[in-house]
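Trainee: Mind looking over this structure? Questions follow.
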There are 8 protein chains.
Amino acid sequence: MDEINLDHDRGRRTGLPEVVYGESKDVDQIARIMSDLHARQGYALATRVSAEAGAQLLGRLSGARYEARARCLALGSLPRSGRRIAVVCAGTSDLPVAEEAAFAAEFLGHEVTRQTDVGVAGLHRILADIEALERCDAVIVVAGMEGALPSVVAGLIKPAVVAVPTSIGYGANFGGIAALLSMLTACAPGIAVVNIDNGFGAAAVAHKIATRVAAGGPLSLPR
Amino acid sequence: MDEINLDHDRGRRTGLPEVVYGESKDVDQIARIMSDLHARQGYALATRVSAEAGAQLLGRLSGARYEARARCLALGSLPRSGRRIAVVCAGTSDLPVAEEAAFAAEFLGHEVTRQTDVGVAGLHRILADIEALERCDAVIVVAGMEGALPSVVAGLIKPAVVAVPTSIGYGANFGGIAALLSMLTACAPGIAVVNIDNGFGAAAVAHKIATRVAAGGPLSLPR
Amino acid sequence: MDEINLDHDRGRRTGLPEVVYGESKDVDQIARIMSDLHARQGYALATRVSAEAGAQLLGRLSGARYEARARCLALGSLPRSGRRIAVVCAGTSDLPVAEEAAFAAEFLGHEVTRQTDVGVAGLHRILADIEALERCDAVIVVAGMEGALPSVVAGLIKPAVVAVPTSIGYGANFGGIAALLSMLTACAPGIAVVNIDNGFGAAAVAHKIATRVAAGGPLSLPR
Amino acid sequence: MDEINLDHDRGRRTGLPEVVYGESKDVDQIARIMSDLHARQGYALATRVSAEAGAQLLGRLSGARYEARARCLALGSLPRSGRRIAVVCAGTSDLPVAEEAAFAAEFLGHEVTRQTDVGVAGLHRILADIEALERCDAVIVVAGMEGALPSVVAGLIKPAVVAVPTSIGYGANFGGIAALLSMLTACAPGIAVVNIDNGFGAAAVAHKIATRVAAGGPLSLPR
Amino acid sequence: MDEINLDHDRGRRTGLPEVVYGESKDVDQIARIMSDLHARQGYALATRVSAEAGAQLLGRLSGARYEARARCLALGSLPRSGRRIAVVCAGTSDLPVAEEAAFAAEFLGHEVTRQTDVGVAGLHRILADIEALERCDAVIVVAGMEGALPSVVAGLIKPAVVAVPTSIGYGANFGGIAALLSMLTACAPGIAVVNIDNGFGAAAVAHKIATRVAAGGPLSLPR
Amino acid sequence: MDEINLDHDRGRRTGLPEVVYGESKDVDQIARIMSDLHARQGYALATRVSAEAGAQLLGRLSGARYEARARCLALGSLPRSGRRIAVVCAGTSDLPVAEEAAFAAEFLGHEVTRQTDVGVAGLHRILADIEALERCDAVIVVAGMEGALPSVVAGLIKPAVVAVPTSIGYGANFGGIAALLSMLTACAPGIAVVNIDNGFGAAAVAHKIATRVAAGGPLSLPR
Amino acid sequence: MDEINLDHDRGRRTGLPEVVYGESKDVDQIARIMSDLHARQGYALATRVSAEAGAQLLGRLSGARYEARARCLALGSLPRSGRRIAVVCAGTSDLPVAEEAAFAAEFLGHEVTRQTDVGVAGLHRILADIEALERCDAVIVVAGMEGALPSVVAGLIKPAVVAVPTSIGYGANFGGIAALLSMLTACAPGIAVVNIDNGFGAAAVAHKIATRVAAGGPLSLPR
Amino acid sequence: MDEINLDHDRGRRTGLPEVVYGESKDVDQIARIMSDLHARQGYALATRVSAEAGAQLLGRLSGARYEARARCLALGSLPRSGRRIAVVCAGTSDLPVAEEAAFAAEFLGHEVTRQTDVGVAGLHRILADIEALERCDAVIVVAGMEGALPSVVAGLIKPAVVAVPTSIGYGANFGGIAALLSMLTACAPGIAVVNIDNGFGAAAVAHKIATRVAAGGPLSLPR
């Protein structure tokens, strides 16, 4: 079969360019698609790129940036939006997912603010930084285990909270189900949930919000 | 126990006032809390209010509005934001959830655009209305059964899509699990998911986005 | 079959007398067992007694106490222990479970301190009462929805936290599974979990702790 | 135990010859069974044959065909049916399952039409090829993640849609459960679902349909 | 919201006209849609119509047919196809689902052959009727409990087997999950599975097959 | 901790001697326990012994028997009971579990009859051997995938059927859940189910039946 | 459809006559089938017959016996086997399931010994009756909640233990799943598990064992 | 991101110092945090430290203790409390979890009593040691498979039972779910459950109890 059928028009339609999901692709495929996208758009992003593949791709794609913990590879980036996105991370084990979100948000043109290791077992850590979060257009909260952090954060700030459950934990965590269910049933409203470990998906939601803020002006209402 | 301990400060902190969850409260409790909130804030909203309770409350709370399908009761509303939110609904069976979202979004100050019965089995219906969705600050998509509509919509428009799975269906739908998993694993990025049947939650996320757009101006960036 | 085979020795062995689980018993059975236990021990407790059954039993058992929200019926009580147990409750919908825990703890001889409607979406409510919790021998925390409250409380105080998930919620709550998994995977250590909606079970654990504290003195250690 | 007890009569009874499931068999077993079946029938097929086993078997079975991505090995094939089956594939990651279906459908005597990377996030890709699908006797649709593609396709064409969920995805995909439930609860009727990753099973259903079409003529009805 | 947005073009596109799902609609809605569809097409079908609603609708829609066990209501039917569909049912408890399939298949224009109470615990019952099944274009097999019947039938005949798991059973049946998983993992290939209790869905798949057979003639192949 | 606390009295109490579960023990532990049990009883059995461990143990325990596919190691055996147990196996992939059952049944003193690869997709294979099964005191039926074989067998014979689901399969098999649920909900009564892949457990149940038959004589009844 | 297709030969083939599952049948159907079976065999049994249906059937079927707690109705019974079956029940709430097992075992010709309310929280109760269990040919153990009783009993006696999980409990019991999994994974071997709440199924397994014991004599072995 | 944000105040607030979860940290991180904590507090504990990491850390942290089976590493310990905690373990396979609990309890200052391989299939083993358990302030019971031991123990003694399900087992154990559900639904009250395999969590609960006992004196009650 002819394997790849890129949706080059996606950026124009949705504001989010097609992004390469590296998990099931080999180095040749990733290199070819990244080059093609970069040539057409001036930027390209691949996620879930292993350290080994990343090293090879840095050698083949001149000007590429790769970050091992985020498992992300980029060529260029979208123009600066002038908007700010926060990435808040409950525990150090959740960092790979948080870094994927942060890398993607920066690639998509936004300034990123980070807070790490601020789990709910030590509330003072998150309470200390509330003001910085208020200044952001969207706040991505990454948490594994019981996934309680988004609920606490959403009870304290005005920006939309984009919650990312992670598969970090063991036993009754069930690969992220505990955190996912927590976030979906959180008692604080205004929480938007994405898939387990989906750092990029959270950045995509935050990007849509930040882009709308950047573009927004009062609508002329019919009533 | 002293049952109720309202969080009167929540609106100031989060931009979303405390809302009454009517499911587990009797008519006396709802009436008392609604009056209290209305007296302090000038507006109050209760969700999951049964038709029977709604009728009684209309008699006790002067100026209240009640809509049976949405199961929502309101006194006053937030000031008009000048922003627009769309509520798109896959099937007629999903309407109670969609109406809860629409009622809440209007209560929260936004203009609401509705599209109903536009499931993916007849794509021409959703394709006909794409332009109207582009003009909104957030698009709430409500779907039961296989929950495919948010994925299709998010592949076509720029605003953030807030997806609400419903418990409509039978058999392998498992009370909304099929739609929930579909939305969480959708191939189109930029989809924010809320709990099954949580129309109000979707309105809360859309409200946070629309409010930010209304308030937004370019930030002065440090770089 | 000869239906009932009471374990009259249980109180002596375990410090917890046999308690009547009312759910699957009719009024005659409950009345007969309560009378029998009261005659032998001087006290008796039945849980999960419906309002209708409770009203009938109050007429048949002189000196009985019944509380509708807790669904508990008691004759007499254990001697005062001089110890204190807290019952903290996240939302008003969780009150039936919290009241079962409180009723049972008082029946078992302990002083009970209550805090209600202190969910994590408004942290200031729980932060205001931390000192009162420190003076208790065990703190029972009852929460439905995402069940995050035990994790927050356990990060703030020294007494053991006995966490009770409730089946309150809808959608991805799945009848209490979301709260149960949250509590089992909580990032704060020192949390003891009991079954969904098991207010009595939490009181039993707290009773064992409080009784041990009352009895405790330094052990003579072999090293 | 005498391990293998081939059902040589199956082809005559069901129109589908016994096929070798290679997953749990070693190279010797596969070679022996393939030779035996080929000698009796003039054709033989093995699925789930690893690349390593495939290479060895090509050396031992003269005239064998092996395709690595499909993990299929064949000797000969059924006579040409003159019917056409389509294999539509949502993403490039789903290709191994799609190729298993296509390889098996060709082995079973049918002409196969392929469409790849036509996921619902870019609807124009599938809309462009609807006419080609109409000319087929059955359309196999392979999709992982949210598995929405069969629902969209079945809303557009007349042939029966045989839907194959794949285990591609992560997090709330749960090894293909998300796609499986989507397909079972699809709002478009006329979708036949097979097991997760079961490309061969889809080909078997399509083969039964195509064979019946090839054989069909008007029945003499009793009324 | 304007509730209903019929897809009048569906029959032309897919060969299956829009069908009314009665579960979540009131008598007025069903009556109105049935009249509308009948006026345009000359036929109309509603499924999941309760006995009470059925009785009322028979009084309002002249010429309507209603069958209580199938919970189906029809006005007219599609033209006779000259094709034959079998409905095989494992136990008497599965009959409502089997009758929905049979009613729908007849409405869609096909002759229906029925076999009932032929569960695998008494194999001679199904073995006695194999020849009748061979003469059909598709065989719908309805089974609850362990759902083993489709596997046995598919090992004996040439037509495609459309398997419908039912929610009949208790305990480890889990509302039809046991039968659903059995059918998806059946060792006999060529089984197409539809949702739990989805008799209409099975008829839709069988209809697509039978219609294709009726229309089929040899294709001119490019090779 | 002192790791091992053998229950040497178990054989006298239950008729089943303590058996070594090899999965989580190293070669030294297995060798030591086997020697100890053999010295006291004259026989010893270990299950779940890997091929590598088996080879080492054959070198250290003189007179030991090891069978790789069954993963069982034995020293001596119980006295011959004069009773017969059948082991019936649906597919060749299920053989390791079937062989564990057969090896254990022989070790426990019984004659074992084997039937392999007699899955329900080719019913004639099992129908051919019904008489041999009738002569056994218990019939162990091992099946993966949809697990339908025990239901078919139990509808044909008088001895108790001990059903063993296996984890063989993929996708909706879910590691043996499909087969387990099938067997628990089988429409044929008189089926006793054991854990997934628990060949030894099935042999233990069959042993208890066969031993009772060997010992049985008419009881003197009180009525 | 012709609804009922009785398997009159089942008793001869399997030693267990066809039994009427009353759950999904009306009084007319049950009366008709019971009469038919009684006329042919001299005995007939129906399970899951509600109290209301039972009262009506007693009036219509002369000589019928009905027991409300067991929900069983019988006409005549099989000849006395001279064998003994025990029914052990963990809690009073499990009695309906235990009584179904006991009623069926007596109908099938066996003497039944009962032990009730002997849950593992008070071990002395079960330890007191071990000798009586040893004299039985099979021991049915019925338990809800954590389902630990079969494991304890099987560690103490020689007869096969047939374990019946019940749906009694709440919360993490999940309708009997907790007890079912406990019994399947019990550390004591020789436990045969049947479906949740399946008292009749346990009696059927015990009947097969007891019948074999009654018939058994030494086989002439080929070696 | 700045990875580590230690909560140095946790010991003062909760009585439980911050403990290093070694699973997702490398040797450098563990060494650095252990040194930092030890310098500030005089003691430090890491859990889930692999044998390989443990060996390296023993070389880098002078005075460290490492135990391979417990996978725990310690520097110093808390002051002796004079209290006693029991660790009871059902099977030898559960020992790693039991040893983690015992190691942590000793590190936290308590005397630890061990009982191993006392599963419910041989009750005499646990019955022999009941008196020793009575002298402890808390009894940790570790069990995999069906997890019945806590229920039996809690029916025999006065101290609180802290139950730890383990992931030991296969098939229907489902990675510890069977044991977890058993413990949550145990019929004996007064059981506190922690996460699957969470030996440290059990020690933390027991520590909170023991510390409270050590500190306890009669409260002055208001009534």
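Lettering and numbering for the structure tokens are positional, with chains as A, B, ... in the shown order, residues counted from 1 in each chain, and ligands counted from 1 in the shown order.
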So that I can check the surroundings of Leu16 in chain B, please list as a ChimeraX atom specification every protein, DNA and RNA residue that reaches within 12 Å of it, counting only C-alpha atoms and ignoring chain neighbours fewer than 2 positions away.
Mentor: /A:154-160,188-191 /B:7-14,18-19,41,43-45,77-78,104-105,107-109,200-201,203-209,211 /C:121
Trainee: Pull C-alpha atoms from the residues just selected and write them as a PDB file, in the first residue's frame.
Mentor:
```pdb
ATOM      1  CA  ALA A 154      -8.972  24.562  38.969  1.00  0.00           C
ATOM      2  CA  GLY A 155     -10.433  25.620  42.302  1.00  0.00           C
ATOM      3  CA  LEU A 156      -7.870  28.396  42.566  1.00  0.00           C
ATOM      4  CA  ILE A 157      -7.495  30.080  39.152  1.00  0.00           C
ATOM      5  CA  LYS A 158      -9.398  31.584  36.228  1.00  0.00           C
ATOM      6  CA  PRO A 159      -7.710  30.109  33.127  1.00  0.00           C
ATOM      7  CA  ALA A 160      -9.000  26.853  31.690  1.00  0.00           C
ATOM      8  CA  ALA A 188     -14.020  21.671  40.307  1.00  0.00           C
ATOM      9  CA  PRO A 189     -15.636  22.604  36.964  1.00  0.00           C
ATOM     10  CA  GLY A 190     -13.779  23.965  33.967  1.00  0.00           C
ATOM     11  CA  ILE A 191     -11.349  21.067  33.541  1.00  0.00           C
TER      12      ILE A 191
ATOM     13  CA  ASP B   7     -17.832  28.578  48.650  1.00  0.00           C
ATOM     14  CA  HIS B   8     -18.951  32.175  48.068  1.00  0.00           C
ATOM     15  CA  ASP B   9     -15.501  33.198  46.999  1.00  0.00           C
ATOM     16  CA  ARG B  10     -15.298  30.731  44.115  1.00  0.00           C
ATOM     17  CA  GLY B  11     -16.549  33.137  41.466  1.00  0.00           C
ATOM     18  CA  ARG B  12     -13.884  35.680  42.345  1.00  0.00           C
ATOM     19  CA  ARG B  13     -11.111  33.062  42.368  1.00  0.00           C
ATOM     20  CA  THR B  14     -12.046  31.019  39.295  1.00  0.00           C
ATOM     21  CA  GLU B  18     -20.630  28.046  42.735  1.00  0.00           C
ATOM     22  CA  VAL B  19     -23.430  26.172  40.983  1.00  0.00           C
ATOM     23  CA  GLN B  41     -24.299  37.630  43.470  1.00  0.00           C
ATOM     24  CA  TYR B  43     -27.532  35.329  39.740  1.00  0.00           C
ATOM     25  CA  ALA B  44     -27.717  31.613  40.531  1.00  0.00           C
ATOM     26  CA  LEU B  45     -27.882  28.334  38.588  1.00  0.00           C
ATOM     27  CA  SER B  77     -27.410  35.514  34.699  1.00  0.00           C
ATOM     28  CA  LEU B  78     -23.849  36.754  34.343  1.00  0.00           C
ATOM     29  CA  ALA B 104     -25.448  26.965  31.203  1.00  0.00           C
ATOM     30  CA  ALA B 105     -23.459  28.744  28.500  1.00  0.00           C
ATOM     31  CA  PHE B 107     -26.483  31.752  31.888  1.00  0.00           C
ATOM     32  CA  LEU B 108     -22.727  32.340  31.965  1.00  0.00           C
ATOM     33  CA  GLY B 109     -23.165  35.272  29.578  1.00  0.00           C
ATOM     34  CA  PHE B 200     -22.524  21.868  32.495  1.00  0.00           C
ATOM     35  CA  GLY B 201     -18.849  20.910  32.661  1.00  0.00           C
ATOM     36  CA  ALA B 203     -20.114  24.931  29.316  1.00  0.00           C
ATOM     37  CA  ALA B 204     -17.682  25.700  32.141  1.00  0.00           C
ATOM     38  CA  VAL B 205     -14.664  24.921  29.953  1.00  0.00           C
ATOM     39  CA  ALA B 206     -16.114  26.939  27.057  1.00  0.00           C
ATOM     40  CA  HIS B 207     -16.852  29.796  29.463  1.00  0.00           C
ATOM     41  CA  LYS B 208     -13.254  29.877  30.654  1.00  0.00           C
ATOM     42  CA  ILE B 209     -12.073  30.067  27.042  1.00  0.00           C
ATOM     43  CA  THR B 211     -13.944  34.832  29.050  1.00  0.00           C
TER      44      THR B 211
ATOM     45  CA  ALA C 121     -12.330  22.806  44.919  1.00  0.00           C
TER      46      ALA C 121
END
```
Trainee: Tell me, as a list in words, which residues lie within 12 Å of Gln56 in chain E, counting only C-alpha atoms; anything in the same chain fewer than 6 positions away does not count.
Mentor: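 The contact residues come out as Asp26, Val27, Asp28, Ile30, Ala31, Val49, Ser50, Ser62, Ala64, Arg65, Tyr66 and Leu73 of chain E.
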Trainee: Considering only C-alpha atoms, tabulate each residue of chain A that lies at most 6 Å from chain C along with its nearest interatomic pair and the corresponding distance in Å to one decimal; arrange the rows by chain and ascending residue number and present them as a tab-separated table.
Mentor:
```
residue	atom	partner	partner_atom	distance
A:Val120	CA	C:Val152	CA	5.7
A:Ala121	CA	C:Gly155	CA	4.3
A:Gly122	CA	C:Gly155	CA	5.9
A:Met145	CA	C:Thr185	CA	5.3
A:Glu146	CA	C:Ser182	CA	4.3
A:Ala148	CA	C:Ala148	CA	5.3
A:Val152	CA	C:Ala121	CA	5.6
A:Gly155	CA	C:Ala121	CA	4.3
A:Ala172	CA	C:Leu181	CA	5.9
A:Ala178	CA	C:Leu181	CA	5.2
A:Leu181	CA	C:Ala178	CA	5.2
A:Ser182	CA	C:Glu146	CA	4.3
A:Thr185	CA	C:Glu146	CA	5.1
A:Ala186	CA	C:Glu146	CA	5.0
A:Ala188	CA	C:Ala121	CA	5.0
```
Trainee: Write out as a VMD selection string all residues of range 21-218 of chain H that backbone DSSP assigns to helix (DSSP H, G or I).
Mentor: chain H and resid 22 to 24 27 to 41 51 to 60 92 to 107 120 to 122 124 to 127 130 to 134 149 to 154 171 to 184 199 to 215
Trainee: Near Asp94 in chain C, counting only C-alpha atoms, which residues have an atom at most 10 Å away, once you skip same-chain residues fewer than 6 positions from it, shown as a PyMOL selection string?
Mentor: (chain B and resi 24) or (chain C and resi 116-117+142-145+164-169+197)
Trainee: For the residues in the current selection, export all heavy atoms as a tab-separated table (two decimals), in the first residue's frame.
Mentor:
```tsv
chain	number	residue	atom	x	y	z
B	24	SER	N	-28.93	15.48	44.25
B	24	SER	CA	-29.05	14.88	45.58
B	24	SER	C	-29.61	15.86	46.61
B	24	SER	O	-29.43	15.67	47.81
B	24	SER	CB	-27.68	14.38	46.02
B	24	SER	OG	-26.76	15.47	46.00
C	116	THR	N	-17.99	19.28	57.31
C	116	THR	CA	-18.77	18.92	56.12
C	116	THR	C	-18.59	19.92	54.99
C	116	THR	O	-18.41	21.10	55.25
C	116	THR	CB	-20.26	18.85	56.49
C	116	THR	OG1	-20.43	17.83	57.44
C	116	THR	CG2	-21.12	18.54	55.28
C	117	ASP	N	-18.68	19.41	53.75
C	117	ASP	CA	-18.67	20.26	52.56
C	117	ASP	C	-17.34	21.01	52.43
C	117	ASP	O	-17.31	22.20	52.18
C	117	ASP	CB	-19.85	21.25	52.63
C	117	ASP	CG	-20.35	21.65	51.24
C	117	ASP	OD1	-19.77	21.18	50.25
C	117	ASP	OD2	-21.31	22.42	51.16
C	142	VAL	N	-14.51	11.18	54.03
C	142	VAL	CA	-15.52	10.61	53.15
C	142	VAL	C	-15.61	11.48	51.90
C	142	VAL	O	-15.82	12.69	52.01
C	142	VAL	CB	-16.88	10.58	53.87
C	142	VAL	CG1	-17.96	9.99	52.96
C	142	VAL	CG2	-16.79	9.81	55.18
C	143	ALA	N	-15.44	10.88	50.72
C	143	ALA	CA	-15.50	11.68	49.49
C	143	ALA	C	-15.95	10.85	48.31
C	143	ALA	O	-15.57	9.68	48.17
C	143	ALA	CB	-14.12	12.29	49.19
C	144	GLY	N	-16.79	11.45	47.47
C	144	GLY	CA	-17.21	10.81	46.23
C	144	GLY	C	-16.50	11.47	45.07
C	144	GLY	O	-15.40	11.96	45.21
C	145	MET	N	-17.12	11.49	43.92
C	145	MET	CA	-16.53	12.08	42.70
C	145	MET	C	-15.07	11.65	42.55
C	145	MET	O	-14.80	10.47	42.51
C	145	MET	CB	-16.71	13.60	42.75
C	145	MET	CG	-18.22	13.95	42.85
C	145	MET	SD	-18.60	15.68	43.05
C	145	MET	CE	-18.67	16.21	41.34
C	164	VAL	N	-12.96	6.84	52.91
C	164	VAL	CA	-14.16	6.13	52.46
C	164	VAL	C	-14.61	6.71	51.12
C	164	VAL	O	-15.14	7.82	51.07
C	164	VAL	CB	-15.33	6.29	53.46
C	164	VAL	CG1	-16.44	5.30	53.12
C	164	VAL	CG2	-14.88	6.16	54.89
C	165	PRO	N	-14.43	5.98	50.04
C	165	PRO	CA	-14.98	6.45	48.76
C	165	PRO	C	-16.50	6.28	48.78
C	165	PRO	O	-17.01	5.32	49.36
C	165	PRO	CB	-14.36	5.51	47.73
C	165	PRO	CG	-13.98	4.27	48.49
C	165	PRO	CD	-13.74	4.69	49.92
C	166	THR	N	-17.22	7.21	48.15
C	166	THR	CA	-18.67	7.02	48.05
C	166	THR	C	-19.07	6.85	46.60
C	166	THR	O	-18.33	7.20	45.68
C	166	THR	CB	-19.46	8.20	48.65
C	166	THR	OG1	-19.43	9.28	47.72
C	166	THR	CG2	-18.92	8.62	49.99
C	167	SER	N	-20.25	6.32	46.41
C	167	SER	CA	-20.75	6.08	45.05
C	167	SER	C	-21.41	7.33	44.47
C	167	SER	O	-22.05	7.26	43.42
C	167	SER	CB	-21.75	4.92	45.06
C	167	SER	OG	-22.78	5.19	45.99
C	168	ILE	N	-21.23	8.46	45.13
C	168	ILE	CA	-21.81	9.72	44.64
C	168	ILE	C	-21.06	10.18	43.40
C	168	ILE	O	-19.84	10.22	43.39
C	168	ILE	CB	-21.73	10.80	45.75
C	168	ILE	CG1	-22.62	10.41	46.91
C	168	ILE	CG2	-22.09	12.18	45.20
C	168	ILE	CD1	-24.06	10.19	46.55
C	169	GLY	N	-21.82	10.57	42.40
C	169	GLY	CA	-21.23	11.02	41.15
C	169	GLY	C	-22.00	10.39	40.00
C	169	GLY	O	-23.02	9.73	40.20
C	197	ASP	N	-18.74	3.39	50.12
C	197	ASP	CA	-19.93	3.66	50.93
C	197	ASP	C	-19.90	2.98	52.31
C	197	ASP	O	-20.92	2.95	53.00
C	197	ASP	CB	-21.23	3.21	50.21
C	197	ASP	CG	-21.56	4.08	49.00
C	197	ASP	OD1	-21.08	5.22	48.94
C	197	ASP	OD2	-22.29	3.62	48.12
```
Trainee: As a ChimeraX atom specification, list the residues of range 35-212 of chain C assigned to strand (DSSP E or B) by DSSP on the backbone atoms of this structure.
Mentor: /C:44-47,65-67,72-75,84-89,111-116,138-143,160-165,191-193
Trainee: For CA of Leu61 in chain E and CA of Ala74 in chain E, determine how far apart the two atoms are, in Å to one decimal place.
Mentor: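 Calculated distance between CA of Leu61 in chain E and CA of Ala74 in chain E is 9.6 Å.
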Trainee: Leaving out Tyr21 in chain G and any residue of its chain fewer than 3 positions from it, which residues lie within 8 Å of it when counting only C-alpha atoms, given as number ranges by chain?
Mentor: G: 24-25, 46-48
Trainee: Please save N, CA, C and O atoms of the selected residues as a PDB file, in the first residue's frame.
Mentor:
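Heads up, here's the output in selection_2.pdb:
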```
ATOM      1  N   SER G  24     -37.412 -15.845  32.610  1.00  0.00           N
ATOM      2  CA  SER G  24     -37.932 -15.117  31.449  1.00  0.00           C
ATOM      3  C   SER G  24     -39.192 -15.777  30.885  1.00  0.00           C
ATOM      4  O   SER G  24     -39.518 -15.567  29.732  1.00  0.00           O
ATOM      5  N   LYS G  25     -39.877 -16.587  31.716  1.00  0.00           N
ATOM      6  CA  LYS G  25     -41.079 -17.245  31.206  1.00  0.00           C
ATOM      7  C   LYS G  25     -42.284 -16.822  32.027  1.00  0.00           C
ATOM      8  O   LYS G  25     -42.181 -16.553  33.224  1.00  0.00           O
ATOM      9  N   ALA G  46     -38.497 -26.366  38.164  1.00  0.00           N
ATOM     10  CA  ALA G  46     -38.322 -25.012  37.626  1.00  0.00           C
ATOM     11  C   ALA G  46     -37.592 -24.175  38.662  1.00  0.00           C
ATOM     12  O   ALA G  46     -37.905 -24.221  39.852  1.00  0.00           O
ATOM     13  N   THR G  47     -36.598 -23.382  38.196  1.00  0.00           N
ATOM     14  CA  THR G  47     -35.869 -22.483  39.100  1.00  0.00           C
ATOM     15  C   THR G  47     -36.220 -21.035  38.764  1.00  0.00           C
ATOM     16  O   THR G  47     -36.838 -20.756  37.750  1.00  0.00           O
ATOM     17  N   ARG G  48     -35.805 -20.109  39.631  1.00  0.00           N
ATOM     18  CA  ARG G  48     -36.051 -18.681  39.430  1.00  0.00           C
ATOM     19  C   ARG G  48     -37.550 -18.399  39.193  1.00  0.00           C
ATOM     20  O   ARG G  48     -37.915 -17.658  38.274  1.00  0.00           O
TER      21      ARG G  48
END
```
